[in-house]
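Everything below concerns the one structure shown next.
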Amino acid sequence: MTKSRIHIFVTGRVQGVFFRYSTQKEAEKIGVFGWVRNLSDGRVEILAEGDKDKLEELLEWSKKGPATAKVEKTEFEWLDYLEEFDSFEIDY
């Protein structure tokens, strides 16, 4: 499996709707590591590492989010794998 890293920004009604918690649970379920946090401009930021196919699953999930979210836009970039994380955390 090819290891990679992805940086995702999610825009919409994504704060206060369990987006970070749901992202953490999804990441743990599929087996990728990193973090998720709210940004002051109302977006959610995700940085994750792992198998590229699993990161693609997380990206597809982030385009919908939990049922309570309303995702308007998802921006992302692929980065070099750094093996920086060993868990998936909510960054406060």
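Residue names in the structure tokens use chain letters A, B, ... in the order shown, residue numbers from 1 in each chain, and ligand numbers from 1 in the order shown.
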
> Hey, what does DSSP flag as helix (DSSP H, G or I) within chain A? Can you give it to me as an MDAnalysis selection string?
Replying inline: chainID A and resid 19:30 52:62

How about saving the chosen residues, C-alpha atoms kept, as a PDB file, in the first residue's frame?
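The result, stored in out-v9.pdb:
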ATOM      1  CA  PHE A  19     -18.265  17.084  12.683  1.00  0.00           C
ATOM      2  CA  ARG A  20     -14.960  16.767  14.562  1.00  0.00           C
ATOM      3  CA  TYR A  21     -16.176  13.881  16.717  1.00  0.00           C
ATOM      4  CA  SER A  22     -17.631  12.091  13.687  1.00  0.00           C
ATOM      5  CA  THR A  23     -14.413  12.649  11.713  1.00  0.00           C
ATOM      6  CA  GLN A  24     -12.397  11.123  14.550  1.00  0.00           C
ATOM      7  CA  LYS A  25     -14.676   8.073  14.694  1.00  0.00           C
ATOM      8  CA  GLU A  26     -14.541   7.625  10.897  1.00  0.00           C
ATOM      9  CA  ALA A  27     -10.738   7.952  10.844  1.00  0.00           C
ATOM     10  CA  GLU A  28     -10.395   5.396  13.645  1.00  0.00           C
ATOM     11  CA  LYS A  29     -12.786   3.034  11.833  1.00  0.00           C
ATOM     12  CA  ILE A  30     -10.818   3.105   8.574  1.00  0.00           C
ATOM     13  CA  LYS A  52      -3.773   6.381   0.250  1.00  0.00           C
ATOM     14  CA  ASP A  53      -6.921   4.346  -0.438  1.00  0.00           C
ATOM     15  CA  LYS A  54      -8.031   4.839   3.188  1.00  0.00           C
ATOM     16  CA  LEU A  55      -7.333   8.576   2.950  1.00  0.00           C
ATOM     17  CA  GLU A  56      -9.469   8.672  -0.195  1.00  0.00           C
ATOM     18  CA  GLU A  57     -12.269   7.078   1.882  1.00  0.00           C
ATOM     19  CA  LEU A  58     -11.862   9.812   4.514  1.00  0.00           C
ATOM     20  CA  LEU A  59     -11.927  12.479   1.793  1.00  0.00           C
ATOM     21  CA  GLU A  60     -15.150  11.071   0.324  1.00  0.00           C
ATOM     22  CA  TRP A  61     -16.686  10.898   3.810  1.00  0.00           C
ATOM     23  CA  SER A  62     -15.682  14.522   4.510  1.00  0.00           C
TER      24      SER A  62
END

Write out, as a Markdown table, each residue of segment 44-76 of chain A that has an atom at most 9 Å from segment 8-17 of chain A, together with the closest pair of atoms and their distance in Å to one decimal, counting only C-alpha atoms, rows going by chain and rising number.
| residue | atom | partner | partner_atom | distance |
| --- | --- | --- | --- | --- |
| A:Val44 | CA | A:Val10 | CA | 5.1 |
| A:Glu45 | CA | A:Phe9 | CA | 4.7 |
| A:Ile46 | CA | A:Ile8 | CA | 5.0 |
| A:Leu47 | CA | A:Ile8 | CA | 6.4 |
| A:Ala48 | CA | A:Ile8 | CA | 8.5 |
| A:Leu59 | CA | A:Ile8 | CA | 7.5 |
| A:Ser62 | CA | A:Val10 | CA | 7.2 |
| A:Lys63 | CA | A:Val10 | CA | 7.6 |
| A:Gly65 | CA | A:Val14 | CA | 8.0 |
| A:Pro66 | CA | A:Val17 | CA | 7.7 |
| A:Ala67 | CA | A:Val17 | CA | 8.6 |
| A:Thr68 | CA | A:Val17 | CA | 5.6 |
| A:Ala69 | CA | A:Val14 | CA | 5.3 |
| A:Lys70 | CA | A:Arg13 | CA | 4.9 |
| A:Val71 | CA | A:Gly12 | CA | 4.6 |
| A:Glu72 | CA | A:Gly12 | CA | 4.7 |
| A:Lys73 | CA | A:Thr11 | CA | 5.1 |
| A:Thr74 | CA | A:Val10 | CA | 4.6 |
| A:Glu75 | CA | A:Phe9 | CA | 5.1 |
| A:Phe76 | CA | A:Ile8 | CA | 4.3 |

Store the residues picked out above, limited to C-alpha atoms, as a PDB file, in the first residue's frame.
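Full text of again20.pdb as output:
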ATOM      1  CA  VAL A  44     -13.067  22.399   9.654  1.00  0.00           C
ATOM      2  CA  GLU A  45      -9.458  21.404   8.961  1.00  0.00           C
ATOM      3  CA  ILE A  46      -8.312  17.772   8.746  1.00  0.00           C
ATOM      4  CA  LEU A  47      -4.738  16.507   8.459  1.00  0.00           C
ATOM      5  CA  ALA A  48      -4.391  12.754   8.104  1.00  0.00           C
ATOM      6  CA  LEU A  59     -11.927  12.479   1.793  1.00  0.00           C
ATOM      7  CA  SER A  62     -15.682  14.522   4.510  1.00  0.00           C
ATOM      8  CA  LYS A  63     -17.638  15.655   1.437  1.00  0.00           C
ATOM      9  CA  GLY A  65     -19.859  14.548   6.950  1.00  0.00           C
ATOM     10  CA  PRO A  66     -22.304  13.464   9.649  1.00  0.00           C
ATOM     11  CA  ALA A  67     -26.054  13.683   8.975  1.00  0.00           C
ATOM     12  CA  THR A  68     -26.309  16.968  10.893  1.00  0.00           C
ATOM     13  CA  ALA A  69     -23.719  18.749   8.706  1.00  0.00           C
ATOM     14  CA  LYS A  70     -24.258  20.612   5.461  1.00  0.00           C
ATOM     15  CA  VAL A  71     -20.991  20.508   3.510  1.00  0.00           C
ATOM     16  CA  GLU A  72     -20.794  23.160   0.801  1.00  0.00           C
ATOM     17  CA  LYS A  73     -17.199  22.716  -0.349  1.00  0.00           C
ATOM     18  CA  THR A  74     -14.224  20.454   0.310  1.00  0.00           C
ATOM     19  CA  GLU A  75     -10.707  21.506  -0.643  1.00  0.00           C
ATOM     20  CA  PHE A  76      -7.719  19.206  -0.283  1.00  0.00           C
TER      21      PHE A  76
END

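Nearest residue to Asn38 of chain A among A:Glu84, A:Ile90, A:Asp51, A:Glu77 is A:Ile90, counting only C-alpha atoms.
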
>> Report, in Å to a single decimal, how far apart atom CA of Lys3 of chain A and atom CA of Trp78 of chain A are.
In response: 10.9 Å

> Which residue out of A:Asp41, A:Lys64, A:Gly50, A:Met1 has the minimum interatomic distance to Tyr81 of chain A when only C-alpha atoms are used?
Replying inline: A:Gly50

>> Just list as a PyMOL selection string whatever in chain A DSSP marks as strand (DSSP E or B).
In response: chain A and resi 3-13+33-38+44-51+70-79+88-90

Next, write the just-selected residues to a file, as a PDB file, in the first residue's frame, keeping C-alpha atoms as the atom set.
ATOM      1  CA  LYS A   3       1.348   5.746   2.227  1.00  0.00           C
ATOM      2  CA  SER A   4       0.346   9.372   1.875  1.00  0.00           C
ATOM      3  CA  ARG A   5      -0.832  12.456   3.740  1.00  0.00           C
ATOM      4  CA  ILE A   6      -3.852  14.631   3.007  1.00  0.00           C
ATOM      5  CA  HIS A   7      -4.806  18.123   4.159  1.00  0.00           C
ATOM      6  CA  ILE A   8      -8.554  18.828   3.911  1.00  0.00           C
ATOM      7  CA  PHE A   9     -10.599  21.986   4.473  1.00  0.00           C
ATOM      8  CA  VAL A  10     -14.372  21.594   4.779  1.00  0.00           C
ATOM      9  CA  THR A  11     -16.711  24.575   4.324  1.00  0.00           C
ATOM     10  CA  GLY A  12     -20.389  24.775   5.226  1.00  0.00           C
ATOM     11  CA  ARG A  13     -22.450  24.162   8.348  1.00  0.00           C
ATOM     12  CA  PHE A  33      -4.021   8.919  11.856  1.00  0.00           C
ATOM     13  CA  GLY A  34      -3.859  12.691  12.324  1.00  0.00           C
ATOM     14  CA  TRP A  35      -6.155  15.380  13.678  1.00  0.00           C
ATOM     15  CA  VAL A  36      -9.250  17.498  13.049  1.00  0.00           C
ATOM     16  CA  ARG A  37      -9.991  21.020  14.299  1.00  0.00           C
ATOM     17  CA  ASN A  38     -12.367  23.953  13.909  1.00  0.00           C
ATOM     18  CA  VAL A  44     -13.067  22.399   9.654  1.00  0.00           C
ATOM     19  CA  GLU A  45      -9.458  21.404   8.961  1.00  0.00           C
ATOM     20  CA  ILE A  46      -8.312  17.772   8.746  1.00  0.00           C
ATOM     21  CA  LEU A  47      -4.738  16.507   8.459  1.00  0.00           C
ATOM     22  CA  ALA A  48      -4.391  12.754   8.104  1.00  0.00           C
ATOM     23  CA  GLU A  49      -1.839  10.096   7.143  1.00  0.00           C
ATOM     24  CA  GLY A  50      -2.089   6.450   6.181  1.00  0.00           C
ATOM     25  CA  ASP A  51      -2.756   4.212   3.207  1.00  0.00           C
ATOM     26  CA  LYS A  70     -24.258  20.612   5.461  1.00  0.00           C
ATOM     27  CA  VAL A  71     -20.991  20.508   3.510  1.00  0.00           C
ATOM     28  CA  GLU A  72     -20.794  23.160   0.801  1.00  0.00           C
ATOM     29  CA  LYS A  73     -17.199  22.716  -0.349  1.00  0.00           C
ATOM     30  CA  THR A  74     -14.224  20.454   0.310  1.00  0.00           C
ATOM     31  CA  GLU A  75     -10.707  21.506  -0.643  1.00  0.00           C
ATOM     32  CA  PHE A  76      -7.719  19.206  -0.283  1.00  0.00           C
ATOM     33  CA  GLU A  77      -4.106  18.643  -1.193  1.00  0.00           C
ATOM     34  CA  TRP A  78      -1.958  15.520  -1.174  1.00  0.00           C
ATOM     35  CA  LEU A  79       1.308  15.779   0.744  1.00  0.00           C
ATOM     36  CA  PHE A  88      -6.415  10.468  15.398  1.00  0.00           C
ATOM     37  CA  GLU A  89      -7.193  13.362  17.715  1.00  0.00           C
ATOM     38  CA  ILE A  90      -9.553  16.297  17.998  1.00  0.00           C
TER      39      ILE A  90
END
